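Report on the structure given below.
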Number of protein chains: 2
Amino acid sequence: MTGVLYALSDPVRLAIVKHLAEDGGKACGTFCLPVAKSTASHHFRVLREAGVIQMRPEGTQYINSLRREDLDARFPGLLDSVLRATGPI
Amino acid sequence: MTGVLYALSDPVRLAIVKHLAEDGGKACGTFCLPVAKSTASHHFRVLREAGVIQMRPEGTQYINSLRREDLDARFPGLLDSVLRATGPI
DNA sequence: TCCATTGTTCTATGATTTACGAACAATAGG
DNA sequence: CCTATTGTTCGTAAATCATAGAACAATGGA
């Protein structure tokens with residue numbers, strides 16, 4: 001639980017999650033994040049290891065998606081309330 | 001938003017919040033936290049500055065309480081989902 | 001085969017965080 | 001006035017984290 005909350009408590013990572021909530025199935029390079037790609041890779045890993053997202057390799061890139069069902073099963077309503085409170089992108 | 005999530009992402013602080021959710025109006029010394037009192041004071045401050053709790057001085061001690069209404073107004077459902085997902089103390 | 005694209009991994013650095021003890025302030029009680 | 005209680009603040013040490021650049025691996029296209 002604390003791991004998920006911590007993963008969501010960073011502005012860059014929360015931006016990633018919000019983008020994925022609007023339209024999933026996006027490659028890492030499509031996020032326009034204000035950090036270097038090595039830093040972005042770090043944030044994707046934190047989200048992945050916290051169980052918030054999953055990454056599927058496809059060609060030279062990774063397709064990211066939110067693990068909505070797993071999160072809703074473990075922490076009902078949490079992701080929804082976070083996304084609703086932060087508003088659209 | 002990220003400030004609240006961060007405040008809730010520490011085990012000690014989450015324990016404080018859960019205790020206050022069960023029965024509010026408790027002084028700092030009544031929590032049996034596994035840290036020194038200076039460290040506990042730090043955690044109470046993080047929660048206070050994130051807007052999660054409020055502390056009211058009363059004699060030599062501080063009475064803590066959850067800022068439920070403010071939190072529910074700013075982030076509807078967030079605190080409830082966190083408390084529900086973590087279960088009872 | 002050669003090159004571009006995509007993202008990871010490694011290493012380093014600066015900032016933040018958690019932790020503790022000691023000293024301090026404020027209050028209450030004797 | 002003296003002491004105990006409660007919690008804060010200060011100084012510091014250790015750990016963690018965010019960040020970036022360089023090198024690397026894997027894939028796909030020319």
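Ordered as shown in the structure tokens, chains take letters A, B, and onward, while each chain numbers its residues from 1 and ligands are numbered from 1 in the order shown.
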
Inset, instruction - Please identify which residues in stretch 10-78 of chain A DSSP calls alpha helix (DSSP H) from the backbone, and express them as a ChimeraX atom specification. - result: /A:11-22,37-49,68-74,78

Output file for the residues above (N, CA, C and O atoms, as a compact mmCIF listing (two decimals), in the first residue's frame):
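Output saved as part_5.txt:
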# COMPACT_ATOMS: atom_id res chain seq x y z
N PRO A 11 5.48 13.96 -8.96
CA PRO A 11 4.78 14.65 -10.05
C PRO A 11 5.01 14.01 -11.41
O PRO A 11 4.05 13.88 -12.19
N VAL A 12 6.23 13.59 -11.70
CA VAL A 12 6.49 12.98 -13.00
C VAL A 12 5.73 11.67 -13.13
O VAL A 12 5.09 11.40 -14.15
N ARG A 13 5.78 10.86 -12.06
CA ARG A 13 5.09 9.57 -12.13
C ARG A 13 3.58 9.75 -12.18
O ARG A 13 2.88 9.02 -12.89
N LEU A 14 3.07 10.73 -11.44
CA LEU A 14 1.63 10.96 -11.48
C LEU A 14 1.20 11.42 -12.87
O LEU A 14 0.13 11.05 -13.36
N ALA A 15 2.06 12.20 -13.53
CA ALA A 15 1.75 12.63 -14.90
C ALA A 15 1.69 11.42 -15.83
O ALA A 15 0.81 11.33 -16.69
N ILE A 16 2.61 10.50 -15.65
CA ILE A 16 2.60 9.29 -16.46
C ILE A 16 1.29 8.54 -16.27
O ILE A 16 0.61 8.13 -17.22
N VAL A 17 0.89 8.37 -15.01
CA VAL A 17 -0.33 7.63 -14.71
C VAL A 17 -1.55 8.34 -15.30
O VAL A 17 -2.45 7.70 -15.85
N LYS A 18 -1.58 9.65 -15.18
CA LYS A 18 -2.72 10.40 -15.73
C LYS A 18 -2.80 10.25 -17.25
O LYS A 18 -3.89 10.08 -17.81
N HIS A 19 -1.66 10.33 -17.91
CA HIS A 19 -1.66 10.13 -19.35
C HIS A 19 -2.16 8.73 -19.71
O HIS A 19 -2.96 8.58 -20.63
N LEU A 20 -1.69 7.75 -18.96
CA LEU A 20 -2.12 6.38 -19.26
C LEU A 20 -3.60 6.18 -18.96
O LEU A 20 -4.26 5.35 -19.59
N ALA A 21 -4.11 6.93 -17.99
CA ALA A 21 -5.53 6.80 -17.68
C ALA A 21 -6.39 7.37 -18.79
O ALA A 21 -7.48 6.86 -19.08
N GLU A 22 -5.90 8.42 -19.44
CA GLU A 22 -6.67 9.02 -20.53
C GLU A 22 -6.64 8.12 -21.76
O GLU A 22 -7.67 7.80 -22.34
N LYS A 37 15.95 10.77 -20.40
CA LYS A 37 15.32 9.47 -20.63
C LYS A 37 15.75 8.44 -19.60
O LYS A 37 14.99 7.55 -19.27
N SER A 38 16.95 8.59 -19.07
CA SER A 38 17.37 7.65 -18.03
C SER A 38 16.54 7.88 -16.76
O SER A 38 16.18 6.93 -16.07
N THR A 39 16.24 9.13 -16.48
CA THR A 39 15.38 9.41 -15.32
C THR A 39 13.97 8.92 -15.57
O THR A 39 13.33 8.34 -14.67
N ALA A 40 13.47 9.12 -16.78
CA ALA A 40 12.15 8.62 -17.11
C ALA A 40 12.10 7.11 -16.95
O ALA A 40 11.13 6.56 -16.40
N SER A 41 13.15 6.44 -17.40
CA SER A 41 13.21 4.99 -17.27
C SER A 41 13.12 4.58 -15.80
O SER A 41 12.46 3.60 -15.45
N HIS A 42 13.80 5.35 -14.95
CA HIS A 42 13.73 5.09 -13.51
C HIS A 42 12.29 5.20 -13.01
O HIS A 42 11.81 4.34 -12.27
N HIS A 43 11.57 6.24 -13.42
CA HIS A 43 10.19 6.43 -12.95
C HIS A 43 9.28 5.32 -13.46
O HIS A 43 8.41 4.84 -12.73
N PHE A 44 9.48 4.91 -14.72
CA PHE A 44 8.68 3.80 -15.22
C PHE A 44 8.93 2.54 -14.41
O PHE A 44 8.01 1.77 -14.11
N ARG A 45 10.17 2.34 -14.01
CA ARG A 45 10.46 1.15 -13.22
C ARG A 45 9.79 1.22 -11.85
O ARG A 45 9.26 0.21 -11.36
N VAL A 46 9.82 2.40 -11.21
CA VAL A 46 9.17 2.53 -9.91
C VAL A 46 7.68 2.20 -10.02
O VAL A 46 7.13 1.45 -9.20
N LEU A 47 7.06 2.73 -11.05
CA LEU A 47 5.63 2.46 -11.25
C LEU A 47 5.39 0.98 -11.52
O LEU A 47 4.42 0.40 -11.02
N ARG A 48 6.28 0.39 -12.29
CA ARG A 48 6.12 -1.03 -12.62
C ARG A 48 6.30 -1.90 -11.39
O ARG A 48 5.48 -2.78 -11.10
N GLU A 49 7.34 -1.63 -10.61
CA GLU A 49 7.61 -2.46 -9.43
C GLU A 49 6.58 -2.24 -8.33
O GLU A 49 6.43 -3.09 -7.45
N ARG A 68 -5.19 -1.35 -14.03
CA ARG A 68 -6.42 -0.90 -13.38
C ARG A 68 -7.09 -2.00 -12.56
O ARG A 68 -7.41 -1.82 -11.39
N GLU A 69 -7.29 -3.16 -13.19
CA GLU A 69 -8.05 -4.21 -12.51
C GLU A 69 -7.33 -4.69 -11.26
O GLU A 69 -7.93 -4.85 -10.20
N ASP A 70 -6.01 -4.90 -11.38
CA ASP A 70 -5.25 -5.35 -10.22
C ASP A 70 -5.30 -4.31 -9.11
O ASP A 70 -5.50 -4.65 -7.92
N LEU A 71 -5.14 -3.05 -9.48
CA LEU A 71 -5.17 -1.99 -8.47
C LEU A 71 -6.55 -1.89 -7.82
O LEU A 71 -6.66 -1.75 -6.60
N ASP A 72 -7.59 -1.96 -8.64
CA ASP A 72 -8.94 -1.85 -8.09
C ASP A 72 -9.24 -3.02 -7.17
O ASP A 72 -9.98 -2.90 -6.19
N ALA A 73 -8.66 -4.18 -7.49
CA ALA A 73 -8.90 -5.34 -6.63
C ALA A 73 -8.19 -5.18 -5.30
O ALA A 73 -8.76 -5.48 -4.24
N ARG A 74 -6.97 -4.69 -5.34
CA ARG A 74 -6.20 -4.57 -4.10
C ARG A 74 -6.60 -3.34 -3.31
O ARG A 74 -6.69 -3.39 -2.07
N LEU A 78 -9.03 3.59 -4.93
CA LEU A 78 -7.86 4.46 -4.73
C LEU A 78 -7.47 5.18 -6.02
O LEU A 78 -7.38 6.41 -6.05

Inset, instruction - Give as a ChimeraX atom specification every residue of chain D that touches chain A within 9 Å, counting only C-alpha atoms (C1' of nucleotides). - result: /D:18-21,26-28

Inset, instruction - Please provide as an NGL selection string all residues within 10 Å of B:Val82, with the sequence filter that same-chain residues fewer than 3 positions apart are discarded (counting only C-alpha atoms (C1' of nucleotides)). - result: (:A and (1-2 or 5 or 75-78 or 81)) or (:B and (5 or 8 or 14 or 17-18 or 77-79 or 85-87))

Just write the chosen residues, N, CA and C atoms, as a short mmCIF file (atom, residue, chain, number, x, y, z; two decimals), in the first residue's frame.
data_model
loop_
_atom_site.label_atom_id
_atom_site.label_comp_id
_atom_site.auth_asym_id
_atom_site.auth_seq_id
_atom_site.Cartn_x
_atom_site.Cartn_y
_atom_site.Cartn_z
N MET A 1 0.82 -1.21 0.00
CA MET A 1 0.00 0.00 0.00
C MET A 1 0.86 1.26 0.00
N THR A 2 1.76 1.33 0.98
CA THR A 2 2.65 2.49 1.02
C THR A 2 3.47 2.58 -0.27
N LEU A 5 1.25 4.26 -2.86
CA LEU A 5 1.11 5.68 -2.54
C LEU A 5 2.40 6.42 -2.85
N PHE A 75 -6.83 -2.23 -3.99
CA PHE A 75 -7.12 -0.97 -3.31
C PHE A 75 -8.33 -0.31 -3.96
N PRO A 76 -9.52 -0.80 -3.64
CA PRO A 76 -10.72 -0.34 -4.34
C PRO A 76 -10.91 1.18 -4.21
N GLY A 77 -11.07 1.82 -5.33
CA GLY A 77 -11.38 3.24 -5.34
C GLY A 77 -10.18 4.16 -5.26
N LEU A 78 -9.03 3.59 -4.93
CA LEU A 78 -7.86 4.46 -4.73
C LEU A 78 -7.47 5.18 -6.02
N SER A 81 -10.01 7.78 -7.15
CA SER A 81 -10.04 9.02 -6.39
C SER A 81 -8.82 9.88 -6.70
N LEU B 5 -0.31 12.33 -0.90
CA LEU B 5 0.08 10.95 -1.19
C LEU B 5 1.43 10.63 -0.55
N LEU B 8 1.13 10.08 3.15
CA LEU B 8 0.50 8.80 3.49
C LEU B 8 1.37 7.60 3.09
N LEU B 14 1.24 6.38 8.12
CA LEU B 14 -0.02 5.71 7.81
C LEU B 14 -0.61 5.10 9.07
N VAL B 17 -2.35 7.82 10.94
CA VAL B 17 -3.63 8.17 10.31
C VAL B 17 -4.68 7.11 10.61
N LYS B 18 -4.27 5.85 10.57
CA LYS B 18 -5.24 4.78 10.84
C LYS B 18 -5.73 4.84 12.28
N GLY B 77 -12.98 10.79 -1.62
CA GLY B 77 -12.83 9.35 -1.65
C GLY B 77 -11.43 8.85 -1.40
N LEU B 78 -10.45 9.76 -1.44
CA LEU B 78 -9.07 9.30 -1.31
C LEU B 78 -8.80 8.68 0.06
N LEU B 79 -9.08 9.44 1.10
CA LEU B 79 -8.79 8.94 2.45
C LEU B 79 -9.59 7.66 2.74
N ALA B 85 -8.56 0.12 2.22
CA ALA B 85 -7.63 -0.84 1.63
C ALA B 85 -6.64 -1.37 2.66
N THR B 86 -6.28 -0.53 3.63
CA THR B 86 -5.31 -0.97 4.62
C THR B 86 -5.95 -1.77 5.74
N GLY B 87 -7.28 -1.75 5.80
CA GLY B 87 -7.96 -2.53 6.82
C GLY B 87 -7.83 -1.89 8.18
#

Legend entry - chain C residues near chain A (10 Å cut-off, only C-alpha atoms (C1' of nucleotides)) as a count of residues only: 5

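Minimum atom-to-atom distance to chain B, evaluated using only C-alpha atoms, belongs to A:Asp80 out of A:Asp80, A:Gly24, A:Thr30, A:Ile89.
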
Inset, instruction - Pick out the residues sitting within 10 Å of D:DC10, and hand them over as a ChimeraX atom specification; count only C-alpha atoms (C1' of nucleotides), and ignore anything fewer than 6 positions along from it in its own chain. - result: /C:22-24

Legend entry - Residue set, chain A restricted to strand (DSSP E), as a PyMOL selection string: chain A and resi 26-27+53-58+61-66

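Picture a line from atom C1' of C:DA28 to atom C1' of D:DT5; it runs 8.3 Å.
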
Quick one: residues within 12 Å of D:DA30, only C-alpha atoms (C1' of nucleotides) counted, chain neighbours fewer than 6 positions away excluded, as a short mmCIF file (atom, residue, chain, number, x, y, z; two decimals) with N, CA, C and O atoms (P, O5', C5', C4', C3', O3' and C1' of nucleotides), in the first residue's frame?
data_model
loop_
_atom_site.label_atom_id
_atom_site.label_comp_id
_atom_site.auth_asym_id
_atom_site.auth_seq_id
_atom_site.Cartn_x
_atom_site.Cartn_y
_atom_site.Cartn_z
P DT C 1 26.86 -8.57 -40.96
"O5'" DT C 1 27.72 -8.16 -42.23
"C5'" DT C 1 27.26 -7.79 -43.54
"C4'" DT C 1 27.26 -6.31 -43.73
"C3'" DT C 1 27.63 -5.45 -42.52
"O3'" DT C 1 28.33 -4.29 -42.93
"C1'" DT C 1 25.41 -4.95 -43.19
P DC C 2 29.19 -3.42 -41.89
"O5'" DC C 2 28.36 -2.06 -41.81
"C5'" DC C 2 28.03 -1.38 -43.02
"C4'" DC C 2 26.99 -0.32 -42.74
"C3'" DC C 2 27.23 0.49 -41.47
"O3'" DC C 2 27.10 1.88 -41.75
"C1'" DC C 2 25.04 -0.42 -41.45
P DC C 3 27.44 2.96 -40.58
"O5'" DC C 3 25.99 3.50 -40.20
"C5'" DC C 3 25.07 3.82 -41.25
"C4'" DC C 3 23.69 4.09 -40.68
"C3'" DC C 3 23.69 4.92 -39.40
"O3'" DC C 3 22.70 5.93 -39.49
"C1'" DC C 3 22.46 2.93 -39.06
P DA C 4 22.75 7.16 -38.44
"O5'" DA C 4 21.23 7.21 -37.96
"C5'" DA C 4 20.19 7.00 -38.92
"C4'" DA C 4 18.92 6.56 -38.21
"C3'" DA C 4 18.62 7.33 -36.93
"O3'" DA C 4 17.26 7.72 -36.91
"C1'" DA C 4 18.67 5.00 -36.49
#

For D:DA15, find every residue with an atom within 10 Å (counting only C-alpha atoms (C1' of nucleotides)), except residues of its own chain fewer than 3 positions away, and show them as an mmCIF file with N, CA, C and O atoms (P, O5', C5', C4', C3', O3' and C1' of nucleotides), in the first residue's frame.
data_model
loop_
_atom_site.group_PDB
_atom_site.id
_atom_site.type_symbol
_atom_site.label_atom_id
_atom_site.label_comp_id
_atom_site.auth_asym_id
_atom_site.auth_seq_id
_atom_site.Cartn_x
_atom_site.Cartn_y
_atom_site.Cartn_z
ATOM 1 P P DT C 17 11.762 15.629 1.422
ATOM 2 O "O5'" DT C 17 12.156 14.323 2.252
ATOM 3 C "C5'" DT C 17 12.436 13.129 1.550
ATOM 4 C "C4'" DT C 17 12.795 12.004 2.496
ATOM 5 C "C3'" DT C 17 12.098 12.058 3.859
ATOM 6 O "O3'" DT C 17 11.535 10.803 4.128
ATOM 7 C "C1'" DT C 17 14.439 11.849 4.144
ATOM 8 P P DT C 18 10.477 10.615 5.297
ATOM 9 O "O5'" DT C 18 11.232 9.709 6.357
ATOM 10 C "C5'" DT C 18 11.914 8.539 5.919
ATOM 11 C "C4'" DT C 18 12.939 8.116 6.958
ATOM 12 C "C3'" DT C 18 12.421 8.111 8.400
ATOM 13 O "O3'" DT C 18 12.546 6.811 8.946
ATOM 14 C "C1'" DT C 18 14.533 9.196 8.246
ATOM 15 P P DA C 19 11.941 6.430 10.375
ATOM 16 O "O5'" DA C 19 13.148 6.664 11.374
ATOM 17 C "C5'" DA C 19 14.349 5.933 11.175
ATOM 18 C "C4'" DA C 19 15.475 6.527 11.990
ATOM 19 C "C3'" DA C 19 15.086 6.900 13.425
ATOM 20 O "O3'" DA C 19 15.354 5.810 14.297
ATOM 21 C "C1'" DA C 19 16.533 8.531 12.396
#

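Compared by their closest atoms to chain A, and using only C-alpha atoms, the residues B:Met55, B:Lys26, B:Gly3, B:Pro34 rank with B:Gly3 nearest.
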
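Of the residues listed (A:Phe31, A:Asn64, A:Arg84, A:Val52), A:Arg84 shows the shortest atom-to-atom separation from chain B; distances use only C-alpha atoms.
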